Amino acid sequence: MPDHAEIYRRQADQYEQLVSREDYQGHLLPALQQIGAFAGLTVAELGAGTGRLTRLVAPIVKDVHAFDLSRPMLDLARVKLQEGRDTNWRIAVADHRQVPLGDGVADIVLSGWSVCYLVVENDLSWEGELSKALLEMRRIVRPGGALILIETLGTGREEPEAPAGLAAYYAYLQAVGFEHLWVRTDYLFRDNAEADSLTRFFFGDDMVAKIRQNEHGVVLPECTGIWWVRRAPGS
């Protein structure tokens with residue numbers, strides 16, 4: 001399996017090429033908006049990476065504060081954001097468990113494909129580390145605001161199935177009150193060579209066999225889960 005931490009340090013450009021191919025169907029933003037309107041709200045995004053979600057929500061929110069542990073990823077996020085028209089964003093290096101924002105400043109705390117690393121990198125203490133992150137998210141979201149986590153429910157799969165290493169994490173979220181939905185966010189590549197290269201780069205050799213051809217071109221299926229919970233008013 002590729003070393004994702006090393007990828008985030010040294011291969012931000014290639015990572016951005018991969019994630020820019022995901023969700024060609026455009027399912028993700030409508031799914032997020034099923035949870036609640038984003039228009040005019042303040043969003044804190046944790047684990048922003050190269051700014052994929054930042055660029056998705058910036059056109060509709062009041063402002064977005066995007067954080068990530070990897071400066072190289074954020075450096076590329078800044079370049080990509082500056083290419084667009086939106087100026088309602090700021091980015092900074094920060095850990096999920098120590099976010100440089102005041103109490104209750106965000107209407108939505110959003111994290112995509114990132115909190116899972118607290119689980120996979122802390123085999124024996126993941127519940128404690130996850131609890132710290134969720135407490136910090138609850139601190140910075142206003143009463144009545146929402147915490148939203150996006151994670152994989154199966155790369156290369158047509159129907160959702162939690163990866164073995166994340167099943168306990170997802171069960172934990174449901175046990176502490178998170179609601180859940182899922183959507184398909186398939187990757188669409190320009191050709192077979194690109195599909196092979198980018199899939200192998202991030203997911204490893206075994207995933208290459210799951211690349212498919214359909215009427216749109218070269219596709220790697222992806223199921224994506226969205227979990228959310230609201231901070232109770234007065235809490």
# chains A, B, ... in the order shown; residues from 1 in each chain; ligands from 1
>>> residues_around(residues="Tyr172 of chain A", least_positions_apart="5", cutoff="12 Å", atoms="only C-alpha atoms", output="PyMOL selection string")
chain A and resi 116+119+126-128+130-131+134+166-167+177-179+227
>>> select_by_dssp(residues="segment 147-228 of chain A", states="strand (DSSP E)", output="PyMOL selection string")
chain A and resi 147-155+179-184+187-189+212-214+217-220+222-228
>>> closest_residue(among="A:Ala171, A:Ile7, A:Ala44, A:Leu28", to="Val183 of chain A", atoms="only C-alpha atoms")
A:Leu28
>>> atom_distance(atom1="atom CA of Ile150 of chain A", atom2="atom CA of Val61 of chain A")
18.2 Å
>>> closest_residue(among="A:Ile148, A:Ala168, A:Val43, A:Ala232", to="Leu101 of chain A", atoms="only C-alpha atoms")
A:Val43
>>> residues_around(residues="Val115 of chain A", least_positions_apart="5", cutoff="10 Å", atoms="only C-alpha atoms", output="PyMOL selection string")
chain A and resi 46-47+96+120+129-130+133-134+149-151+169
>>> write_last_selection(atoms="C-alpha atoms", output="PDB file, in the first residue's frame")
ATOM      1  CA  LEU A  46     -10.164  20.353   8.463  1.00  0.00           C
ATOM      2  CA  GLY A  47      -7.814  18.254   6.346  1.00  0.00           C
ATOM      3  CA  HIS A  96      -7.672  18.459  13.758  1.00  0.00           C
ATOM      4  CA  VAL A 120      -5.481   4.142  10.961  1.00  0.00           C
ATOM      5  CA  GLU A 129      -7.588  10.641  19.360  1.00  0.00           C
ATOM      6  CA  LEU A 130     -10.889  10.669  17.483  1.00  0.00           C
ATOM      7  CA  ALA A 133     -10.858  15.793  17.253  1.00  0.00           C
ATOM      8  CA  LEU A 134     -14.630  15.634  17.660  1.00  0.00           C
ATOM      9  CA  LEU A 149     -17.351  14.061   7.874  1.00  0.00           C
ATOM     10  CA  ILE A 150     -16.771  12.562   4.430  1.00  0.00           C
ATOM     11  CA  GLU A 151     -15.012   9.190   4.115  1.00  0.00           C
ATOM     12  CA  TYR A 169     -14.722   4.102  13.259  1.00  0.00           C
TER      13      TYR A 169
END
>>> residues_around(residues="Asp103 of chain A", least_positions_apart="2", cutoff="10 Å", atoms="only C-alpha atoms", output="list of chain:residue names")
A:Pro100, A:Leu101, A:Val105, A:Ala106, A:Glu136, A:Met137, A:Arg138, A:Arg139, A:Ile140, A:Val141, A:Arg142
>>> residues_around(residues="Pro163 of chain A", least_positions_apart="2", cutoff="9 Å", atoms="only C-alpha atoms", output="number ranges by chain")
A: 152-155, 161, 165-167
>>> residues_around(residues="segment 13-16 of chain A", least_positions_apart="2", cutoff="12 Å", atoms="only C-alpha atoms", output="PyMOL selection string")
chain A and resi 4-11+18-22+48-53+72-77+79-80+194+197-203
>>> write_last_selection(atoms="C-alpha atoms", output="short mmCIF file (atom, residue, chain, number, x, y, z; two decimals), in the first residue's frame")
data_model
loop_
_atom_site.label_atom_id
_atom_site.label_comp_id
_atom_site.auth_asym_id
_atom_site.auth_seq_id
_atom_site.Cartn_x
_atom_site.Cartn_y
_atom_site.Cartn_z
CA HIS A 4 -0.04 8.41 2.04
CA ALA A 5 1.86 10.57 4.51
CA GLU A 6 4.79 10.64 2.10
CA ILE A 7 2.46 11.42 -0.80
CA TYR A 8 1.03 14.39 1.09
CA ARG A 9 4.55 15.67 1.79
CA ARG A 10 6.10 15.18 -1.62
CA GLN A 11 3.52 14.47 -4.31
CA LEU A 18 -6.20 12.09 -8.88
CA VAL A 19 -8.82 13.87 -6.75
CA SER A 20 -9.73 16.21 -9.59
CA ARG A 21 -10.93 13.12 -11.47
CA GLU A 22 -13.34 12.04 -8.70
CA ALA A 48 -8.34 20.46 3.30
CA GLY A 49 -5.46 18.95 1.33
CA THR A 50 -5.14 20.60 -2.08
CA GLY A 51 -8.42 22.44 -1.60
CA ARG A 52 -10.81 20.21 -3.47
CA LEU A 53 -13.71 20.74 -1.04
CA PRO A 72 2.94 21.33 0.57
CA MET A 73 -0.71 20.34 0.09
CA LEU A 74 -1.87 23.76 1.27
CA ASP A 75 0.67 25.50 -0.96
CA LEU A 76 -0.99 23.85 -3.94
CA ALA A 77 -4.45 24.61 -2.53
CA VAL A 79 -2.42 28.23 -6.06
CA LYS A 80 -5.64 26.53 -7.14
CA GLU A 194 -3.86 7.86 -16.82
CA SER A 197 -0.92 5.57 -13.30
CA LEU A 198 -3.08 7.56 -10.87
CA THR A 199 -4.89 4.55 -9.44
CA ARG A 200 -1.65 2.67 -8.82
CA PHE A 201 0.02 5.78 -7.37
CA PHE A 202 -2.47 6.28 -4.54
CA PHE A 203 -4.39 3.02 -4.08
#
>>> select_by_dssp(residues="segment 103-180 of chain A", states="helix (DSSP H, G or I)", output="PyMOL selection string")
chain A and resi 116-120+126-140+164-175
>>> write_last_selection(atoms="C-alpha atoms", output="PDB file, in the first residue's frame")
ATOM      1  CA  CYS A 116      -9.864   8.513   9.159  1.00  0.00           C
ATOM      2  CA  TYR A 117      -6.089   8.920   9.519  1.00  0.00           C
ATOM      3  CA  LEU A 118      -6.515   9.459  13.262  1.00  0.00           C
ATOM      4  CA  VAL A 119      -7.920   5.933  13.265  1.00  0.00           C
ATOM      5  CA  VAL A 120      -5.481   4.142  10.961  1.00  0.00           C
ATOM      6  CA  TRP A 126      -7.736   5.778  17.942  1.00  0.00           C
ATOM      7  CA  GLU A 127     -10.881   6.248  20.004  1.00  0.00           C
ATOM      8  CA  GLY A 128      -9.119   8.723  22.269  1.00  0.00           C
ATOM      9  CA  GLU A 129      -7.588  10.641  19.360  1.00  0.00           C
ATOM     10  CA  LEU A 130     -10.889  10.669  17.483  1.00  0.00           C
ATOM     11  CA  SER A 131     -12.665  11.927  20.602  1.00  0.00           C
ATOM     12  CA  LYS A 132     -10.180  14.809  20.863  1.00  0.00           C
ATOM     13  CA  ALA A 133     -10.858  15.793  17.253  1.00  0.00           C
ATOM     14  CA  LEU A 134     -14.630  15.634  17.660  1.00  0.00           C
ATOM     15  CA  LEU A 135     -14.465  17.716  20.841  1.00  0.00           C
ATOM     16  CA  GLU A 136     -12.402  20.340  19.013  1.00  0.00           C
ATOM     17  CA  MET A 137     -14.888  20.376  16.144  1.00  0.00           C
ATOM     18  CA  ARG A 138     -17.756  20.824  18.588  1.00  0.00           C
ATOM     19  CA  ARG A 139     -15.852  23.691  20.213  1.00  0.00           C
ATOM     20  CA  ILE A 140     -15.493  25.701  17.024  1.00  0.00           C
ATOM     21  CA  ALA A 164     -12.092  -3.309   7.229  1.00  0.00           C
ATOM     22  CA  GLY A 165      -9.815  -0.842   8.987  1.00  0.00           C
ATOM     23  CA  LEU A 166     -12.529   1.822   9.179  1.00  0.00           C
ATOM     24  CA  ALA A 167     -15.629  -0.209  10.091  1.00  0.00           C
ATOM     25  CA  ALA A 168     -15.169   0.358  13.846  1.00  0.00           C
ATOM     26  CA  TYR A 169     -14.722   4.102  13.259  1.00  0.00           C
ATOM     27  CA  TYR A 170     -17.959   4.334  11.308  1.00  0.00           C
ATOM     28  CA  ALA A 171     -19.784   2.354  13.976  1.00  0.00           C
ATOM     29  CA  TYR A 172     -18.388   4.748  16.593  1.00  0.00           C
ATOM     30  CA  LEU A 173     -19.773   7.744  14.707  1.00  0.00           C
ATOM     31  CA  GLN A 174     -23.238   6.217  14.598  1.00  0.00           C
ATOM     32  CA  ALA A 175     -23.027   5.307  18.289  1.00  0.00           C
TER      33      ALA A 175
END
>>> closest_residue(among="A:Ala162, A:Leu181, A:Ile35, A:Arg212", to="Arg230 of chain A", atoms="only C-alpha atoms")
A:Ile35
>>> closest_residue(among="A:Val229, A:Ala12, A:Cys223, A:Ile108", to="Thr185 of chain A", atoms="only C-alpha atoms")
A:Cys223
>>> decode(residues="segment 140-184 of chain A", atoms="N, CA and C atoms", output="tab-separated table (two decimals), in the first residue's frame")
chain	number	residue	atom	x	y	z
A	140	ILE	N	-15.54	24.59	17.98
A	140	ILE	CA	-15.49	25.70	17.02
A	140	ILE	C	-16.79	25.88	16.24
A	141	VAL	N	-17.72	24.91	16.32
A	141	VAL	CA	-18.99	25.08	15.64
A	141	VAL	C	-19.99	25.74	16.58
A	142	ARG	N	-20.82	26.60	16.04
A	142	ARG	CA	-21.81	27.28	16.87
A	142	ARG	C	-22.92	26.31	17.29
A	143	PRO	N	-23.62	26.59	18.39
A	143	PRO	CA	-24.79	25.79	18.74
A	143	PRO	C	-25.79	25.80	17.59
A	144	GLY	N	-26.26	24.61	17.23
A	144	GLY	CA	-27.14	24.47	16.09
A	144	GLY	C	-26.43	24.20	14.78
A	145	GLY	N	-25.10	24.39	14.77
A	145	GLY	CA	-24.31	24.13	13.58
A	145	GLY	C	-24.02	22.65	13.41
A	146	ALA	N	-23.40	22.30	12.28
A	146	ALA	CA	-23.22	20.90	11.92
A	146	ALA	C	-21.76	20.52	11.78
A	147	LEU	N	-21.44	19.30	12.22
A	147	LEU	CA	-20.17	18.66	11.93
A	147	LEU	C	-20.44	17.67	10.79
A	148	ILE	N	-19.64	17.72	9.74
A	148	ILE	CA	-19.84	16.85	8.58
A	148	ILE	C	-18.51	16.18	8.23
A	149	LEU	N	-18.53	14.86	8.21
A	149	LEU	CA	-17.35	14.06	7.87
A	149	LEU	C	-17.63	13.27	6.61
A	150	ILE	N	-16.68	13.31	5.68
A	150	ILE	CA	-16.77	12.56	4.43
A	150	ILE	C	-15.66	11.52	4.43
A	151	GLU	N	-16.01	10.27	4.14
A	151	GLU	CA	-15.01	9.19	4.11
A	151	GLU	C	-15.37	8.18	3.02
A	152	THR	N	-14.43	7.35	2.68
A	152	THR	CA	-14.69	6.31	1.68
A	152	THR	C	-15.56	5.19	2.22
A	153	LEU	N	-16.43	4.70	1.36
A	153	LEU	CA	-17.17	3.47	1.64
A	153	LEU	C	-16.86	2.42	0.59
A	154	GLY	N	-15.67	2.52	0.01
A	154	GLY	CA	-15.22	1.49	-0.89
A	154	GLY	C	-14.76	2.00	-2.24
A	155	THR	N	-13.45	2.13	-2.41
A	155	THR	CA	-12.88	2.43	-3.71
A	155	THR	C	-12.91	1.17	-4.55
A	156	GLY	N	-13.36	1.30	-5.80
A	156	GLY	CA	-13.49	0.15	-6.67
A	156	GLY	C	-14.77	-0.64	-6.47
A	157	ARG	N	-15.68	-0.11	-5.63
A	157	ARG	CA	-16.93	-0.83	-5.33
A	157	ARG	C	-18.12	-0.11	-5.93
A	158	GLU	N	-19.09	-0.91	-6.37
A	158	GLU	CA	-20.34	-0.39	-6.93
A	158	GLU	C	-21.37	-0.10	-5.83
A	159	GLU	N	-21.26	-0.79	-4.71
A	159	GLU	CA	-22.16	-0.61	-3.58
A	159	GLU	C	-21.32	-0.37	-2.33
A	160	PRO	N	-21.86	0.36	-1.34
A	160	PRO	CA	-21.04	0.74	-0.19
A	160	PRO	C	-20.67	-0.45	0.69
A	161	GLU	N	-19.41	-0.46	1.10
A	161	GLU	CA	-18.91	-1.44	2.07
A	161	GLU	C	-17.73	-0.80	2.79
A	162	ALA	N	-17.83	-0.68	4.09
A	162	ALA	CA	-16.77	-0.04	4.86
A	162	ALA	C	-15.47	-0.82	4.74
A	163	PRO	N	-14.35	-0.16	4.45
A	163	PRO	CA	-13.06	-0.85	4.51
A	163	PRO	C	-12.86	-1.44	5.90
A	164	ALA	N	-12.22	-2.59	5.96
A	164	ALA	CA	-12.09	-3.31	7.23
A	164	ALA	C	-11.49	-2.44	8.32
A	165	GLY	N	-10.49	-1.65	7.98
A	165	GLY	CA	-9.82	-0.84	8.99
A	165	GLY	C	-10.60	0.36	9.46
A	166	LEU	N	-11.74	0.65	8.81
A	166	LEU	CA	-12.53	1.82	9.18
A	166	LEU	C	-13.92	1.46	9.70
A	167	ALA	N	-14.28	0.20	9.68
A	167	ALA	CA	-15.63	-0.21	10.09
A	167	ALA	C	-15.92	0.19	11.54
A	168	ALA	N	-14.95	0.00	12.44
A	168	ALA	CA	-15.17	0.36	13.85
A	168	ALA	C	-15.33	1.87	14.02
A	169	TYR	N	-14.61	2.64	13.25
A	169	TYR	CA	-14.72	4.10	13.26
A	169	TYR	C	-16.12	4.53	12.84
A	170	TYR	N	-16.63	3.97	11.77
A	170	TYR	CA	-17.96	4.33	11.31
A	170	TYR	C	-19.02	3.93	12.32
A	171	ALA	N	-18.85	2.78	12.93
A	171	ALA	CA	-19.78	2.35	13.98
A	171	ALA	C	-19.74	3.30	15.17
A	172	TYR	N	-18.55	3.78	15.50
A	172	TYR	CA	-18.39	4.75	16.59
A	172	TYR	C	-19.18	6.01	16.29
A	173	LEU	N	-19.06	6.52	15.07
A	173	LEU	CA	-19.77	7.74	14.71
A	173	LEU	C	-21.27	7.57	14.89
A	174	GLN	N	-21.80	6.46	14.45
A	174	GLN	CA	-23.24	6.22	14.60
A	174	GLN	C	-23.62	6.08	16.07
A	175	ALA	N	-22.74	5.49	16.86
A	175	ALA	CA	-23.03	5.31	18.29
A	175	ALA	C	-23.09	6.63	19.03
A	176	VAL	N	-22.34	7.64	18.56
A	176	VAL	CA	-22.35	8.94	19.24
A	176	VAL	C	-23.30	9.93	18.56
A	177	GLY	N	-24.17	9.43	17.69
A	177	GLY	CA	-25.26	10.27	17.21
A	177	GLY	C	-25.18	10.80	15.80
A	178	PHE	N	-24.16	10.41	15.04
A	178	PHE	CA	-24.06	10.88	13.66
A	178	PHE	C	-25.08	10.18	12.77
A	179	GLU	N	-25.72	10.96	11.90
A	179	GLU	CA	-26.54	10.40	10.83
A	179	GLU	C	-25.64	10.13	9.62
A	180	HIS	N	-26.22	9.46	8.63
A	180	HIS	CA	-25.36	8.95	7.56
A	180	HIS	C	-26.11	8.82	6.24
A	181	LEU	N	-25.43	9.14	5.13
A	181	LEU	CA	-25.91	8.82	3.80
A	181	LEU	C	-24.70	8.48	2.94
A	182	TRP	N	-24.97	7.97	1.73
A	182	TRP	CA	-23.85	7.67	0.85
A	182	TRP	C	-24.22	8.00	-0.60
A	183	VAL	N	-23.18	8.27	-1.39
A	183	VAL	CA	-23.36	8.56	-2.81
A	183	VAL	C	-22.21	7.92	-3.59
A	184	ARG	N	-22.42	7.76	-4.90
A	184	ARG	CA	-21.33	7.36	-5.78
A	184	ARG	C	-20.55	8.60	-6.21
